[in-house]
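*Asks:* A single structure is presented below for examination.
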Amino acid sequence: MSGLPLAMLMSVMAMIAGTGLALAQETSRAFYQGKVIQVLSPYDGGGIYPQLAQALATYLPKYIPGRPGAVPQFMPGAGGMKMANYMQRIAPKDGTVIAVLFDGTPSAQLLYADQGVNYNVDEFIPIGTVTRGDTSVVIVRADNPVKTIADVTRQEVVVGGAAAGAGNVVVPRGLNYALGTKFRVLTGYPTMGSILLAMEQREVDATVLNWSNLNQLKPDWIADHKLRVLAQVGVERHKDLRDVPLLLELTSDDKTRQALRLISANSMSGKGFVTTPGVPAERVDILRKAFMDVMHDPEFVELMKKQQVELDPQPPAFLTNVFQQILSTDPQIVKAVRTATDKQ
């Protein structure tokens, strides 16, 4: 080939490369034929995570060459850690397992590194996100006398939480450290539904959850003013909550804001989907394209509208950037927040 003109040589090399790529893609198409893709959720029962897993399992196969089957798998436990550990350590690394990652998984890697974390989100392969980010809210029953976060610095409020790493544990305990609040967190509730039931039964006074999840699970609480929103957890005020302050707006102190930003990290991921480490690149490409096709599927969009899920799908790079932002938090701030939350 050394005697060929440069233009012809480049043409031949391009043909070889193109043929190799086509063969790799065809191999991946053949791989998925007859396979069943698991779509994992870190929670079961009601709520946005199992709903998204079920919806993606329904619509994803028609956009994957070979038309594999797909089934939702619910893997609750330890505020998303059980599923994340499974993805890292046990799940097949061949592109047959994807998961909607719990929003608190990246920050839990920093805050609870020695409490059951056996994963590294940097090694998960992003597929895409359902939205740009989520707004969580700190809510309290309307019959509770506290009306602001400042009120909680003077009166104890009992919060229902899941486990280490969950936003309903990280946020109230983090606020106790950063702002001197008096939240007392009761952990061990397996689902958000069980926490809301505990609020109804006055077992707990408050919790932290995604605003869209609250709209799904308890729209009557909002309509009938059965709760009070003390603060928003996120990077910008939600359009429905223009008069409710963000945690980041509650202080002007730089170090305190860094701590509040870390405990607000759960609202940054936007219900991101990932696959396991080590999946061949051509299969990752197939999954990513199929995911975005689902996000724009008219039936899927209509289903999300009915389930009150706000769609604003983002590419894999968005999730990669979120992971990097969270994992690059100043180690001293991480240590301080971790120490504060561990003491309670």
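In the structure tokens, chains take the letters A, B, ... in the order shown, each chain's residues start at 1, and ligands count up from 1 in the order shown.
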Taking only residues of region 53-105 of chain A that have an atom at most 12 Å from an atom of region 195-210 of chain A, what is each one's shortest atom pair and its distance in Å to one decimal, using only C-alpha atoms, in chain and number order, as JSON lines?
*Replies:*
{"residue": "A:Phe102", "atom": "CA", "partner": "A:Asn210", "partner_atom": "CA", "distance": 11.5}
{"residue": "A:Asp103", "atom": "CA", "partner": "A:Asn210", "partner_atom": "CA", "distance": 9.9}
{"residue": "A:Gly104", "atom": "CA", "partner": "A:Leu209", "partner_atom": "CA", "distance": 11.4}
*Asks:* Excluding region 117-120 of chain A and residues on its chain fewer than 5 positions from it, collect all residues at most 7 Å away from it, counting only C-alpha atoms, and give them as number ranges by chain.
*Replies:* A: 81, 84-85, 88, 109, 112
*Asks:* Between A:Asp151, A:Gly34, A:Val274, A:Val279, single out the one closest to Met83 (chain A), counting only C-alpha atoms.
*Replies:*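 Using only C-alpha atoms, Met83 (chain A) sits closest to A:Val274.
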*Asks:* Can you pull out every residue from region 24-101 of chain A that DSSP, working from the backbone, puts in strand (DSSP E or B), and format the result as a PyMOL selection string?
*Replies:* chain A and resi 36-41+69-74+97-100
*Asks:* Excluding same-chain residues fewer than 6 positions from Ser264 (chain A), what lies within 9 Å of it counting only C-alpha atoms, as number ranges by chain?
*Replies:* A: 136, 167, 170-171, 233-235, 247-248
*Asks:* Take the residues just selected and output them with N, CA and C atoms as a PDB file, in the first residue's frame.
*Replies:*
ATOM      1  N   SER A 136     -36.198  19.235  45.081  1.00  0.00           N
ATOM      2  CA  SER A 136     -36.738  18.559  46.253  1.00  0.00           C
ATOM      3  C   SER A 136     -37.236  19.606  47.229  1.00  0.00           C
ATOM      4  N   GLY A 167     -31.782  11.619  50.445  1.00  0.00           N
ATOM      5  CA  GLY A 167     -31.942  13.051  50.657  1.00  0.00           C
ATOM      6  C   GLY A 167     -32.695  13.376  51.921  1.00  0.00           C
ATOM      7  N   VAL A 170     -29.737  13.061  54.479  1.00  0.00           N
ATOM      8  CA  VAL A 170     -28.627  13.995  54.275  1.00  0.00           C
ATOM      9  C   VAL A 170     -29.056  15.437  54.501  1.00  0.00           C
ATOM     10  N   VAL A 171     -30.209  15.830  53.943  1.00  0.00           N
ATOM     11  CA  VAL A 171     -30.614  17.229  54.026  1.00  0.00           C
ATOM     12  C   VAL A 171     -30.886  17.674  55.464  1.00  0.00           C
ATOM     13  N   VAL A 233     -34.745  22.394  47.699  1.00  0.00           N
ATOM     14  CA  VAL A 233     -33.390  21.860  47.577  1.00  0.00           C
ATOM     15  C   VAL A 233     -33.101  21.747  46.079  1.00  0.00           C
ATOM     16  N   GLY A 234     -32.202  22.567  45.591  1.00  0.00           N
ATOM     17  CA  GLY A 234     -31.893  22.569  44.165  1.00  0.00           C
ATOM     18  C   GLY A 234     -31.012  23.740  43.805  1.00  0.00           C
ATOM     19  N   VAL A 235     -30.928  24.026  42.520  1.00  0.00           N
ATOM     20  CA  VAL A 235     -30.058  25.109  42.055  1.00  0.00           C
ATOM     21  C   VAL A 235     -30.846  26.331  41.597  1.00  0.00           C
ATOM     22  N   LEU A 247     -32.281  26.375  49.733  1.00  0.00           N
ATOM     23  CA  LEU A 247     -31.316  26.252  50.828  1.00  0.00           C
ATOM     24  C   LEU A 247     -30.126  27.169  50.607  1.00  0.00           C
ATOM     25  N   LEU A 248     -29.683  27.269  49.344  1.00  0.00           N
ATOM     26  CA  LEU A 248     -28.504  28.076  49.041  1.00  0.00           C
ATOM     27  C   LEU A 248     -28.728  29.563  49.280  1.00  0.00           C
TER      28      LEU A 248
END
*Asks:* Pick from A:Val146, A:Val244, A:Leu186, A:Val138: nearest to Val159 (chain A), with only C-alpha atoms counted?
*Replies:*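 Closest to Val159 (chain A) of all the choices is A:Leu186.
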*Asks:* Mind pulling up the distance from CA of Gln54 (chain A) to CA of Ala70 (chain A)?
*Replies:*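 It comes out at 9.3 Å.
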*Asks:* Looking at A:Thr251, A:Thr320, A:Thr181, A:Thr58, which one is nearest to Glu156 (chain A), with distances taken over only C-alpha atoms?
*Replies:* A:Thr181
*Asks:* Which residues come within 7 Å of region 293-298 of chain A, counting only C-alpha atoms, excluding same-chain residues fewer than 5 positions away, as a PyMOL selection string?
*Replies:* chain A and resi 59-60+63+313
*Asks:* Just want the 12 Å neighbourhood of Trp221 (chain A), counted on only C-alpha atoms, with same-chain residues fewer than 4 positions away dropped. Output as a CSV table (one decimal) with N, CA and C atoms, in the first residue's frame.
*Replies:*
chain,number,residue,atom,x,y,z
A,139,ILE,N,-40.7,19.4,53.6
A,139,ILE,CA,-42.1,19.6,53.9
A,139,ILE,C,-42.4,19.2,55.4
A,140,VAL,N,-43.4,19.9,55.9
A,140,VAL,CA,-43.9,19.6,57.3
A,140,VAL,C,-45.4,19.6,57.3
A,141,ARG,N,-46.0,18.8,58.1
A,141,ARG,CA,-47.5,18.8,58.2
A,141,ARG,C,-48.0,20.2,58.5
A,142,ALA,N,-49.1,20.6,58.0
A,142,ALA,CA,-49.6,22.0,58.1
A,142,ALA,C,-50.0,22.3,59.6
A,196,LEU,N,-44.7,8.9,54.1
A,196,LEU,CA,-45.8,9.8,54.0
A,196,LEU,C,-46.9,9.2,54.9
A,199,MET,N,-46.2,10.3,58.3
A,199,MET,CA,-46.6,11.7,58.5
A,199,MET,C,-48.1,11.8,58.8
A,200,GLU,N,-48.9,11.0,58.1
A,200,GLU,CA,-50.3,11.0,58.3
A,200,GLU,C,-50.7,10.5,59.7
A,214,LEU,N,-43.9,14.3,45.1
A,214,LEU,CA,-45.0,14.7,46.0
A,214,LEU,C,-46.3,14.9,45.2
A,215,ASN,N,-46.2,15.5,44.0
A,215,ASN,CA,-47.3,15.8,43.2
A,215,ASN,C,-48.0,14.5,42.7
A,216,GLN,N,-47.2,13.4,42.5
A,216,GLN,CA,-47.7,12.1,42.1
A,216,GLN,C,-48.4,11.4,43.2
A,217,LEU,N,-47.7,11.4,44.4
A,217,LEU,CA,-48.1,10.6,45.5
A,217,LEU,C,-49.3,11.2,46.3
A,225,HIS,N,-53.8,22.0,51.1
A,225,HIS,CA,-52.9,22.7,52.0
A,225,HIS,C,-52.7,21.9,53.3
A,226,LYS,N,-52.5,20.6,53.2
A,226,LYS,CA,-52.2,19.8,54.3
A,226,LYS,C,-50.7,19.7,54.7
A,227,LEU,N,-49.9,20.5,54.0
A,227,LEU,CA,-48.5,20.5,54.2
A,227,LEU,C,-48.0,21.9,54.0
A,228,ARG,N,-46.8,22.2,54.6
A,228,ARG,CA,-46.1,23.4,54.4
A,228,ARG,C,-44.7,23.2,53.8
A,229,VAL,N,-44.3,23.9,52.8
A,229,VAL,CA,-43.0,23.7,52.2
A,229,VAL,C,-42.1,24.8,52.9
*Asks:* Distance CA of Tyr177 (chain A)-CA of Val337 (chain A), one decimal place?
*Replies:* 6.9 Å
*Asks:* If we count only C-alpha atoms, what is near His238 (chain A) at a cut-off of 12 Å, once residues fewer than 5 positions away on the same chain are taken out, given as a list in words?
*Replies:*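 The residues that qualify are Gly133, Asp134, Thr135, Ser136, Val137, Asn210, Trp211, Ser212, Ala231, Gln232, Val233, Asp243, Val244, Pro245, Leu246, Ser267 and Glu310 of chain A.
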*Asks:* Taking the backbone alone, and naming residues the way the document does, which bits of region 206-268 of chain A are helix (DSSP H, G or I) by DSSP, as a count of residues only?
*Replies:* 28
*Asks:* Could you jot down the CA of Gly45 (chain A) to CA of Gln307 (chain A) separation for me, Å, one decimal place?
*Replies:*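 According to the coordinates, CA of Gly45 (chain A) and CA of Gln307 (chain A) are separated by 14.5 Å.
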*Asks:* Select, from A:Met304, A:Ile286, A:Met292, A:Ala178, the residue with the minimum atom-to-atom distance to Asp253 (chain A), counting only C-alpha atoms.
*Replies:*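 The shortest atom-to-atom distance to Asp253 (chain A) comes from A:Ala178.
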*Asks:* Under the rule that only C-alpha atoms are counted, which of A:Asn266, A:Leu175, A:Leu110, A:Gly160 is the nearest residue to Ser328 (chain A)?
*Replies:*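 Going through A:Asn266, A:Leu175, A:Leu110, A:Gly160 one by one, the smallest distance to Ser328 (chain A) is for A:Leu110.
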*Asks:* Can you tell me, as a compact mmCIF listing (two decimals) with C-alpha atoms, in the first residue's frame, what residues are no more than 10 Å from Lys35 (chain A) when counting only C-alpha atoms, ignoring any on the same chain fewer than 5 positions away?
*Replies:*
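Writing the result to part.txt gives the following:
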# COMPACT_ATOMS: atom_id res chain seq x y z
CA ALA A 30 -27.11 -9.62 16.83
CA GLY A 66 -32.74 -7.11 17.58
CA ARG A 67 -35.83 -6.14 19.60
CA PRO A 68 -34.78 -7.62 22.96
CA GLY A 69 -37.19 -8.00 25.82
CA ALA A 70 -36.98 -5.71 28.85
CA THR A 96 -28.13 -5.96 29.45
